[in-house]
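Dropping structure03.txt in here (compact mmCIF, C-alpha atoms):
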```
# COMPACT_ATOMS: atom_id res chain seq x y z
CA MET U 1 182.69 60.59 31.94
CA THR U 2 183.79 59.80 35.49
CA SER U 3 183.19 63.18 37.04
CA ARG U 4 185.56 62.91 39.98
CA ALA U 5 188.03 60.48 41.38
CA GLY U 6 186.44 57.64 43.34
CA PHE U 7 182.99 58.04 41.78
CA ASP U 8 181.74 55.61 39.15
CA PRO U 9 178.43 56.70 37.57
CA ALA U 10 178.04 53.36 35.79
CA SER U 11 177.96 51.52 39.10
CA LEU U 12 175.34 53.95 40.36
CA VAL U 13 173.14 53.49 37.30
CA ALA U 14 173.58 49.70 37.34
CA GLY U 15 172.79 49.64 41.05
CA VAL U 16 169.58 51.62 40.63
CA ILE U 17 168.51 49.42 37.70
CA LEU U 18 169.23 46.22 39.66
CA ILE U 19 167.37 47.50 42.70
CA ALA U 20 164.36 48.23 40.48
CA LEU U 21 164.57 44.84 38.77
CA GLY U 22 165.05 43.02 42.06
CA GLY U 23 162.12 44.94 43.55
CA LEU U 24 159.93 43.92 40.63
CA LEU U 25 160.89 40.26 41.08
CA LEU U 26 160.39 40.51 44.83
CA LEU U 27 156.87 41.87 44.36
CA ASP U 28 156.12 38.96 42.01
CA GLN U 29 157.47 36.41 44.48
CA ALA U 30 155.40 38.01 47.25
CA ASP U 31 152.29 37.71 45.02
CA VAL U 32 151.77 41.48 45.03
CA LEU U 33 151.87 41.49 41.24
CA GLU U 34 152.00 38.78 38.61
CA LEU U 35 154.77 39.04 36.04
CA ARG U 36 154.21 37.60 32.58
CA PHE U 37 156.69 37.14 29.77
CA ALA U 38 155.09 40.07 27.97
CA TYR U 39 156.32 42.42 30.71
CA MET U 40 159.30 40.50 32.04
CA LEU U 41 161.21 40.10 28.79
CA PRO U 42 161.23 43.85 27.95
CA ALA U 43 162.08 44.67 31.57
CA VAL U 44 165.10 42.37 31.60
CA LEU U 45 166.24 43.58 28.17
CA ALA U 46 165.88 47.18 29.28
CA ALA U 47 167.86 46.47 32.44
CA VAL U 48 170.72 44.78 30.59
CA GLY U 49 170.68 47.45 27.89
CA GLY U 50 170.69 50.26 30.43
CA ILE U 51 173.61 48.76 32.32
CA LEU U 52 175.63 48.20 29.14
CA LEU U 53 174.86 51.72 27.99
CA ALA U 54 175.93 53.22 31.31
CA CYS U 55 179.18 51.23 31.30
CA GLY U 56 179.84 52.15 27.68
CA LEU U 57 179.23 55.86 28.19
CA THR U 58 181.31 56.18 31.33
CA GLY U 59 184.26 54.02 30.32
CA PRO U 60 186.36 52.01 32.73
CA PRO U 61 186.40 53.09 36.36
CA ARG U 62 189.33 55.25 37.38
CA GLY U 63 192.42 53.52 38.59
CA ARG U 64 191.52 50.27 36.81
CA GLY U 65 192.26 48.79 33.47
CA MET X 1 218.11 32.49 36.48
CA VAL X 2 219.80 35.81 37.17
CA ALA X 3 218.98 39.01 35.38
CA GLY X 4 222.09 38.93 33.26
CA ASP X 5 221.35 35.41 32.04
CA ARG X 6 217.81 36.38 31.12
CA ALA X 7 218.99 39.44 29.22
CA GLY X 8 221.60 37.45 27.34
CA HIS X 9 219.12 34.76 26.46
CA HIS X 10 216.66 37.23 25.03
CA GLY X 11 219.40 38.96 23.13
CA ALA X 12 220.30 35.73 21.34
CA MET X 13 216.76 35.18 20.07
CA THR X 14 216.02 36.49 16.58
CA ASP X 15 212.30 35.81 16.19
CA GLU X 16 211.07 38.26 18.81
CA GLN X 17 210.38 41.94 18.34
CA PRO X 18 212.84 44.14 20.22
CA THR X 19 211.17 46.01 23.01
CA ALA X 20 211.57 49.76 23.22
CA PRO X 21 213.28 50.97 26.36
CA THR X 22 210.97 52.72 28.76
CA SER X 23 211.92 55.45 31.14
CA THR X 24 209.56 54.40 33.95
CA PRO X 25 209.07 50.80 35.00
CA GLU X 26 205.49 49.45 34.82
CA PRO X 27 203.83 48.88 38.16
CA PRO X 28 203.48 45.24 39.18
CA PRO X 29 200.08 43.64 38.42
CA ARG X 30 197.58 43.89 41.21
CA ARG X 31 197.32 40.38 42.49
CA LEU X 32 194.60 38.81 44.60
CA THR X 33 196.02 37.65 47.92
CA ARG X 34 194.58 36.67 51.27
CA SER X 35 194.98 39.35 53.88
CA SER X 36 197.20 38.60 56.83
CA THR X 37 196.09 41.75 58.68
CA ASP X 38 192.30 41.81 58.08
CA SER X 39 191.52 38.21 58.88
CA LEU X 40 188.78 36.44 60.79
CA ILE X 41 189.41 32.92 59.52
CA ALA X 42 192.00 32.87 56.76
CA GLY X 43 191.92 36.39 55.35
CA VAL X 44 189.91 35.45 52.24
CA ALA X 45 187.21 38.12 52.69
CA GLY X 46 189.77 40.71 53.74
CA GLY X 47 191.87 40.03 50.67
CA LEU X 48 188.85 40.04 48.36
CA GLY X 49 187.60 43.31 49.84
CA ARG X 50 191.01 44.92 49.39
CA HIS X 51 191.32 43.62 45.83
CA LEU X 52 187.79 44.71 44.81
CA ASN X 53 187.88 47.91 46.84
CA VAL X 54 184.76 47.04 48.83
CA ASP X 55 184.12 46.64 52.52
CA PRO X 56 185.26 43.15 53.63
CA LEU X 57 182.15 43.00 55.82
CA ALA X 58 180.01 42.93 52.65
CA ILE X 59 182.14 40.04 51.36
CA ARG X 60 181.72 38.16 54.63
CA ILE X 61 177.94 38.69 54.61
CA THR X 62 177.84 37.43 51.00
CA PHE X 63 179.76 34.29 52.01
CA VAL X 64 177.33 33.68 54.87
CA ILE X 65 174.27 34.17 52.63
CA LEU X 66 175.71 31.88 49.96
CA SER X 67 176.43 29.27 52.60
CA PHE X 68 172.69 28.83 52.98
CA ALA X 69 172.39 28.29 49.22
CA GLY X 70 173.43 24.65 49.26
CA GLY X 71 176.75 25.39 50.96
CA LEU X 72 177.95 27.45 48.02
CA GLY X 73 179.56 30.04 50.28
CA VAL X 74 181.56 27.43 52.17
CA LEU X 75 182.74 25.83 48.94
CA ALA X 76 183.72 29.20 47.46
CA TYR X 77 185.60 30.11 50.64
CA LEU X 78 187.45 26.80 50.66
CA ALA X 79 188.32 27.14 46.98
CA LEU X 80 189.73 30.63 47.52
CA LEU X 81 191.59 29.42 50.59
CA VAL X 82 193.24 26.70 48.51
CA PHE X 83 193.98 28.72 45.37
CA VAL X 84 194.76 32.22 46.66
CA PRO X 85 198.12 32.77 48.36
CA THR X 86 198.55 34.87 51.47
CA ASP X 87 200.22 38.28 51.46
CA ASP X 88 202.31 37.33 54.48
CA PRO X 89 205.96 37.46 53.30
CA ALA X 90 206.94 35.10 56.08
CA ALA X 91 204.55 32.41 54.88
CA PRO X 92 205.99 29.62 52.72
CA PRO X 93 205.31 30.11 48.99
CA LEU X 94 202.37 28.29 47.47
CA ARG X 95 203.66 25.24 45.63
CA TRP X 96 201.44 23.06 43.52
CA GLY X 97 202.75 19.59 43.79
CA LEU X 98 200.90 16.60 42.41
CA ALA X 99 199.62 15.55 45.83
CA ARG X 100 198.16 18.95 46.60
CA THR X 101 196.50 19.19 43.17
CA VAL X 102 194.98 15.72 43.40
CA GLY X 103 193.89 16.45 46.96
CA ALA X 104 192.11 19.65 45.95
CA GLY X 105 190.47 17.85 43.03
CA LEU X 106 189.24 15.02 45.24
CA LEU X 107 187.85 17.52 47.74
CA ALA X 108 185.96 19.28 44.95
CA VAL X 109 184.52 15.99 43.64
CA ALA X 110 183.53 14.95 47.18
CA ALA X 111 181.81 18.29 47.74
CA LEU X 112 179.90 18.01 44.48
CA ALA X 113 178.92 14.42 45.25
CA PHE X 114 177.59 15.61 48.59
CA LEU X 115 175.64 18.50 47.06
CA ILE X 116 174.33 16.57 44.03
CA PRO X 117 173.69 12.94 45.00
CA ASN X 118 173.58 10.15 42.40
CA TRP X 119 175.54 12.01 39.77
CA LEU X 120 179.01 10.74 40.61
CA TRP X 121 179.28 7.93 38.07
CA GLY X 122 177.38 9.62 35.29
CA PRO X 123 178.84 11.41 32.26
CA GLU X 124 179.17 14.56 34.38
CA LEU X 125 182.19 13.09 36.14
CA THR X 126 184.03 12.60 32.84
CA VAL X 127 183.25 16.14 31.77
CA LEU X 128 184.33 17.47 35.14
CA LEU X 129 187.60 15.55 35.11
CA ALA X 130 188.35 16.68 31.55
CA ALA X 131 187.62 20.29 32.48
CA GLY X 132 189.83 19.94 35.53
CA VAL X 133 192.73 18.56 33.48
CA VAL X 134 192.37 21.37 30.91
CA VAL X 135 192.30 24.07 33.57
CA TYR X 136 195.24 22.50 35.41
CA LEU X 137 197.34 22.33 32.23
CA LEU X 138 196.48 25.93 31.38
CA VAL X 139 197.43 27.09 34.86
CA ARG X 140 200.69 25.14 34.66
CA MET X 141 201.44 26.72 31.28
CA ILE X 142 200.86 30.16 32.75
CA ARG X 143 203.04 29.49 35.78
CA ASP X 144 205.90 27.90 33.86
CA ASN X 145 206.08 30.46 31.08
CA GLY X 146 204.41 33.51 32.47
CA THR X 147 205.88 36.09 30.08
CA SER X 148 205.00 34.74 26.63
CA ARG X 149 202.05 35.81 24.53
CA LEU X 150 200.77 32.23 24.50
CA SER X 151 200.61 32.23 28.27
CA HIS X 152 198.48 35.38 28.25
CA VAL X 153 196.09 33.81 25.74
CA ALA X 154 196.01 30.64 27.84
CA ALA X 155 195.32 32.70 30.94
CA ARG X 156 192.39 34.43 29.27
CA VAL X 157 191.03 31.10 28.01
CA ALA X 158 191.34 29.53 31.46
CA ILE X 159 189.67 32.47 33.14
CA GLY X 160 186.94 32.48 30.49
CA VAL X 161 186.28 28.75 30.92
CA VAL X 162 186.09 29.08 34.68
CA LEU X 163 183.84 32.15 34.51
CA LEU X 164 181.54 30.49 31.99
CA ALA X 165 181.29 27.38 34.15
CA LEU X 166 180.57 29.50 37.21
CA ALA X 167 177.94 31.50 35.31
CA ALA X 168 176.27 28.34 33.99
CA GLY X 169 176.27 26.80 37.46
CA GLY X 170 174.93 29.98 39.02
CA PHE X 171 172.28 30.28 36.32
CA ALA X 172 171.11 26.69 36.88
CA ALA X 173 171.22 27.07 40.65
CA ALA X 174 169.26 30.32 40.53
CA ALA X 175 166.62 28.79 38.24
CA ALA X 176 166.30 25.70 40.44
CA GLY X 177 166.28 27.79 43.60
CA SER X 178 163.57 30.06 42.22
CA ALA X 179 161.40 27.18 41.09
CA LEU X 180 161.79 25.52 44.48
CA GLY X 181 160.50 28.55 46.33
CA GLY X 182 163.71 30.48 46.92
CA GLY X 183 162.62 33.35 44.70
CA ILE X 184 162.29 35.85 47.54
CA ALA X 185 165.83 35.16 48.75
CA ILE X 186 167.22 35.45 45.21
CA ALA X 187 165.32 38.70 44.60
CA GLY X 188 166.76 39.93 47.89
CA LEU X 189 170.27 39.04 46.71
CA ILE X 190 169.71 40.99 43.48
CA ILE X 191 168.59 44.03 45.49
CA ALA X 192 171.60 43.58 47.78
CA CYS X 193 173.87 43.59 44.72
CA GLY X 194 172.14 46.78 43.56
CA ILE X 195 172.66 48.43 46.95
CA GLY X 196 176.29 47.29 46.90
CA LEU X 197 176.71 48.85 43.46
CA VAL X 198 175.16 52.14 44.55
CA GLY X 199 177.36 52.23 47.65
CA GLY X 200 180.43 51.14 45.69
CA ALA X 201 179.83 53.84 43.07
CA PHE X 202 181.15 56.41 45.53
CA ARG X 203 184.22 54.32 46.36
CA GLY X 204 185.63 53.77 42.92
CA GLY X 205 182.95 51.46 41.55
CA ALA X 206 181.88 47.89 42.11
CA ARG X 207 181.07 46.74 38.60
CA TRP X 208 182.09 43.18 39.41
CA LEU X 209 178.70 42.88 41.15
CA ILE X 210 176.82 43.36 37.86
CA ALA X 211 177.58 39.91 36.43
CA PRO X 212 176.51 37.83 39.47
CA ALA X 213 173.39 39.98 39.86
CA LEU X 214 172.38 39.35 36.25
CA VAL X 215 173.18 35.64 36.58
CA LEU X 216 170.64 35.61 39.41
CA ALA X 217 168.11 37.97 37.80
CA LEU X 218 167.76 36.34 34.38
CA PRO X 219 166.68 32.85 35.53
CA LEU X 220 164.51 34.29 38.30
CA GLY X 221 162.79 36.49 35.74
CA ALA X 222 162.14 33.50 33.48
CA VAL X 223 160.84 31.40 36.38
CA ALA X 224 158.64 34.25 37.60
CA ALA X 225 157.22 34.92 34.15
CA ALA X 226 156.52 31.23 33.59
CA ASP X 227 154.94 31.04 37.04
CA LEU X 228 157.02 27.94 37.59
CA ASP X 229 156.69 26.35 41.02
CA VAL X 230 157.99 22.79 41.33
CA ARG X 231 157.45 22.45 45.05
CA GLY X 232 155.40 19.40 45.94
CA THR X 233 155.24 15.90 44.53
CA TRP X 234 157.72 14.87 41.85
CA GLY X 235 157.63 11.84 39.57
CA ASP X 236 155.10 9.89 37.57
CA ARG X 237 151.69 9.71 39.23
CA THR X 238 148.36 8.33 38.07
CA PHE X 239 145.16 9.31 39.87
CA ARG X 240 141.96 7.28 39.39
CA PRO X 241 139.17 8.87 41.38
CA VAL X 242 135.95 6.86 41.51
CA ASP X 243 133.79 9.41 43.29
CA VAL X 244 133.09 13.03 42.44
CA ALA X 245 133.91 14.03 46.02
CA GLU X 246 137.54 13.13 45.35
CA LEU X 247 137.71 15.85 42.72
CA SER X 248 136.85 18.69 45.06
CA GLY X 249 140.41 19.27 46.26
CA GLY X 250 141.94 19.04 42.81
CA TYR X 251 145.41 17.66 42.12
CA GLU X 252 148.74 19.36 42.44
CA MET X 253 152.27 18.27 41.60
CA GLY X 254 155.65 19.95 41.50
CA ALA X 255 157.22 18.23 38.51
CA GLY X 256 156.71 15.09 36.48
CA SER X 257 153.90 13.30 34.70
CA MET X 258 150.40 13.62 36.08
CA LYS X 259 147.72 11.32 34.69
CA ILE X 260 144.12 11.82 35.79
CA ASP X 261 141.97 8.86 34.77
CA LEU X 262 138.29 9.82 34.96
CA ARG X 263 136.91 7.10 32.72
CA ASP X 264 135.18 5.29 35.58
CA ILE X 265 133.62 8.27 37.26
CA GLU X 266 129.95 9.23 37.18
CA LEU X 267 129.36 12.94 36.99
CA PRO X 268 126.30 14.46 38.65
CA PRO X 269 123.98 16.69 36.65
CA GLY X 270 125.41 20.16 36.18
CA ARG X 271 128.95 21.37 36.15
CA THR X 272 131.78 19.63 38.07
CA ASP X 273 135.00 21.57 38.53
CA LEU X 274 138.46 20.03 38.67
CA ARG X 275 141.53 22.11 39.49
CA LEU X 276 144.93 20.83 38.27
CA GLU X 277 148.30 22.44 38.99
CA LEU X 278 151.69 21.30 37.71
CA GLY X 279 154.99 23.17 37.95
CA MET X 280 156.85 21.36 35.19
CA GLY X 281 155.97 18.30 33.14
CA GLU X 282 152.89 16.93 31.46
CA ILE X 283 149.25 16.46 32.42
CA GLN X 284 147.09 13.88 30.70
CA VAL X 285 143.41 13.87 31.55
CA LEU X 286 141.52 10.77 30.48
CA VAL X 287 137.78 11.03 30.10
CA PRO X 288 135.06 8.90 28.47
CA ASP X 289 134.68 9.85 24.84
CA ASP X 290 131.10 10.92 25.41
CA MET X 291 131.84 13.25 28.33
CA CYS X 292 131.23 16.99 28.01
CA VAL X 293 134.51 18.70 28.86
CA THR X 294 135.31 22.39 29.02
CA THR X 295 138.77 23.69 29.79
CA HIS X 296 140.51 26.81 30.96
CA ALA X 297 144.29 26.42 30.95
CA GLY X 298 147.09 28.86 31.73
CA VAL X 299 150.55 27.85 30.54
CA GLY X 300 153.88 29.60 31.09
CA ILE X 301 155.77 27.71 28.39
CA GLY X 302 154.36 24.66 26.61
CA ALA X 303 151.39 23.27 24.74
CA VAL X 304 147.73 22.43 25.23
CA ASP X 305 145.60 19.98 23.25
CA THR X 306 141.98 19.59 24.25
CA GLY X 307 140.78 18.12 20.98
CA ASP X 308 140.56 21.29 18.94
CA GLY X 309 144.17 21.07 17.85
CA GLU X 310 147.40 21.73 19.67
CA GLN X 311 148.17 25.23 20.82
CA GLY X 312 151.61 26.06 22.07
CA GLY X 313 153.79 28.97 22.97
CA ILE X 314 154.85 31.21 25.79
CA ASP X 315 152.63 32.79 28.39
CA PHE X 316 149.24 31.90 26.96
CA GLU X 317 145.77 30.84 28.04
CA VAL X 318 143.33 28.46 26.41
CA ASP X 319 139.57 28.60 26.85
CA ALA X 320 137.85 25.57 25.38
CA ASP X 321 134.24 26.41 26.20
CA GLN X 322 131.13 24.61 25.03
CA ARG X 323 127.53 25.64 24.94
CA LEU X 324 125.96 23.66 27.76
CA ALA X 325 122.41 22.33 27.69
CA PRO X 326 120.54 22.79 30.99
CA GLY X 327 121.27 20.00 33.48
CA VAL X 328 123.83 18.23 31.32
CA GLU X 329 126.73 16.54 33.12
CA SER X 330 129.90 18.45 32.37
CA LEU X 331 133.44 18.54 33.60
CA HIS X 332 135.27 21.87 33.75
CA LEU X 333 139.05 21.65 33.93
CA ASP X 334 140.88 24.61 35.44
CA VAL X 335 144.54 23.90 34.71
CA ASP X 336 147.72 25.77 35.57
CA VAL X 337 150.98 24.52 34.02
CA GLY X 338 154.28 26.34 34.53
CA VAL X 339 156.40 24.63 31.90
CA GLY X 340 154.95 21.62 30.11
CA ALA X 341 151.90 20.31 28.35
CA LEU X 342 148.25 19.48 28.91
CA GLN X 343 146.37 16.89 26.93
CA VAL X 344 142.76 15.79 27.29
CA GLY X 345 141.83 12.49 25.68
CA ASP X 346 140.29 9.10 26.10
CA SER X 347 143.27 6.72 26.27
CA LEU X 348 146.60 6.55 28.04
CA PHE X 349 149.82 7.30 26.30
CA ASP X 350 153.34 6.74 27.57
CA PHE X 351 156.18 8.78 26.17
CA GLY X 352 159.11 6.62 25.10
CA PRO X 353 162.78 7.46 25.67
CA GLY X 354 163.66 10.63 23.81
CA GLU X 355 160.13 10.95 22.51
CA ARG X 356 158.72 14.42 22.35
CA TRP X 357 155.23 15.71 22.80
CA ARG X 358 154.63 16.20 19.10
CA ASP X 359 155.79 12.64 18.29
CA ARG X 360 152.92 11.01 20.15
CA ASP X 361 150.55 8.77 18.25
CA GLY X 362 148.81 6.71 20.91
CA PHE X 363 146.92 9.36 22.82
CA ASP X 364 143.59 10.08 21.21
CA THR X 365 142.54 13.59 21.96
CA LEU X 366 138.85 14.23 22.33
CA GLN X 367 136.93 14.59 19.18
CA SER X 368 135.61 18.08 19.63
CA GLY X 369 132.43 17.20 17.79
CA THR X 370 131.67 14.32 20.17
CA SER X 371 132.32 16.47 23.22
CA ARG X 372 130.25 19.28 21.81
CA ALA X 373 127.34 16.93 21.16
CA ALA X 374 127.60 15.67 24.75
CA CYS X 375 127.51 19.24 26.07
CA GLU X 376 124.42 19.95 24.02
CA GLY X 377 122.73 16.89 25.50
CA ALA X 378 122.71 14.91 22.28
CA ALA X 379 125.06 12.12 23.37
```
In structure tokens, what does this structure look like?
Amino acid sequence: MTSRAGFDPASLVAGVILIALGGLLLLDQADVLELRFAYMLPAVLAAVGGILLACGLTGPPRGRG
Amino acid sequence: MVAGDRAGHHGAMTDEQPTAPTSTPEPPPRRLTRSSTDSLIAGVAGGLGRHLNVDPLAIRITFVILSFAGGLGVLAYLALLVFVPTDDPAAPPLRWGLARTVGAGLLAVAALAFLIPNWLWGPELTVLLAAGVVVYLLVRMIRDNGTSRLSHVAARVAIGVVLLALAAGGFAAAAAGSALGGGIAIAGLIIACGIGLVGGAFRGGARWLIAPALVLALPLGAVAAADLDVRGTWGDRTFRPVDVAELSGGYEMGAGSMKIDLRDIELPPGRTDLRLELGMGEIQVLVPDDMCVTTHAGVGIGAVDTGDGEQGGIDFEVDADQRLAPGVESLHLDVDVGVGALQVGDSLFDFGPGERWRDRDGFDTLQSGTSRAACEGAA
């Protein structure tokens, strides 16, 4: 599903997900919010699942095996 | 061996499948090399950037950031400098003689001994040496017989072993770094990986950043959820306050065994609060068997036993309240444990080697009935 040469949607999706996850962890470390397992476990699973889904739907990046 | 010899040799073999002739030759495999043109020190970052199709400046910044994480960046740079050949055709080819291999191995052991003191003569050294021998033999097999199917399998196994070891090391380092207060830096690295992925998406992709970002994110998430903070005192400490004033500041430890012996203390009428914080380990609070004790405990992962039976699990709180008679002397424990256990009882217990929390038999937890009677003023 790579729409044009040089663009990898999976990297974009994974990047956005990681920025969101990192931001969540940063807010916890800065004591702005308090993460508990009840929220953290689904968040991490959703992040990993979203990244895998994006990579699976888009296939390998162009020009690479 | 010239081309004609190789062709004749293959033609004489009968147990290999004949290969179909192809009209166009396959392109050579893209090989990681150090750059001789984009080089600040030895061309490692330039070569990595070219190989991964990312800006070498991002690689250099990553090396610098990792250098502050226990020297990891320096070690990684040195390892790549040793193992990755240069793309300069005038440079002498990389040859792995015995002396160079042993030298690189000794450097790695010295670096690890510097980073992790007191481990050198433990079982880790044997495991490390065995892993080194296995990887070396696999690499030799690949180099000596680079075209066979076995060599490809060996290459994949070697790469898998190395990647697994790196992931395990990164996972442990991230967990330890988070618990020791480096959570903000690690969260920043995860965000940096995300930004690198977004930027790399428009330059052909940078999916190689996903794995290291997750290796950092998973342990940090676990540490954050468990509220694990092991900064502070480590070890086995016993506190025996004799005056109520000593309780006002509470007790706090990073990791280890914290014993609070309150059997000789006289409580004033009314409620006395005691705050206890432990990142990882066990807390044992010793009180007279006729003392009124109430407890509020928050535990990331572990167990709590205040006399009403053991409660354990993940991310839970325990409120062991009692109905207090007016003016009765009571102790209220406010406990925060990241990973570990809390036990309130009336005698000391030492865990033996390999003994687990549930195997204990010498620590008498409070009889809830006795404590309740004390709280109601009947004791």
Residues of chain U at most 7 Å from chain X: nearest atom pair and distance in Å, all atoms listed in the file, as a tab-separated table:
```
residue	atom	partner	partner_atom	distance
U:Gly6	CA	X:Gly204	CA	4.0
U:Phe7	CA	X:Phe202	CA	4.5
U:Asp8	CA	X:Ala201	CA	4.7
U:Pro9	CA	X:Ala201	CA	6.4
U:Ser11	CA	X:Ala201	CA	5.0
U:Leu12	CA	X:Val198	CA	4.6
U:Ala14	CA	X:Leu197	CA	6.9
U:Gly15	CA	X:Gly194	CA	3.9
U:Val16	CA	X:Gly194	CA	6.2
U:Leu18	CA	X:Gly194	CA	4.9
U:Ile19	CA	X:Ile191	CA	4.6
U:Gly22	CA	X:Ala187	CA	5.0
U:Gly23	CA	X:Ile191	CA	6.8
U:Leu25	CA	X:Ala187	CA	5.9
U:Leu26	CA	X:Ala187	CA	5.3
U:Asp28	CA	X:Ala224	CA	6.9
U:Gln29	CA	X:Ile184	CA	5.7
U:Leu35	CA	X:Ala225	CA	5.2
U:Arg36	CA	X:Ala225	CA	4.3
U:Phe37	CA	X:Ala225	CA	4.9
U:Met40	CA	X:Ala225	CA	6.3
U:Pro61	CA	X:Gly205	CA	6.4
U:Arg62	CA	X:Gly204	CA	6.8
```
Margin query: Would you pick out the contacts of X:Gly170 at 7 Å or less, using all atoms listed in the file, so that residues sharing its chain but fewer than 4 positions from it are not included, and give the list as a list in words?
Written below: Leu166, Ala174 and Val215 of chain X
Next item on the list: Using atom CA of X:Asp261 and atom CA of X:Val339 as the two end points, give the distance in Å to one decimal.
Entry: 21.6 Å
Notebook entry, point to check: Distance atom CA of X:Val318-atom CA of X:Ala297, one decimal place?
Noted result: 5.1 Å
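What separates atom CA of X:His332 from atom CA of X:Thr272 is a distance of 6.0 Å.
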Check: Which is closer to X:His296 than all the others in X:Gly49, X:Val337, X:Ile260, X:Ala325, using only C-alpha atoms?
Finding: X:Val337
Next item on the list: Give as an NGL selection string every residue, naming chains and numbers as the document does, that has an atom within 9 Å of (152.2, 25.3, 37.3), counting only C-alpha atoms.
Entry: :X and (226-230 or 252-255 or 276-281 or 298-300 or 335-340)
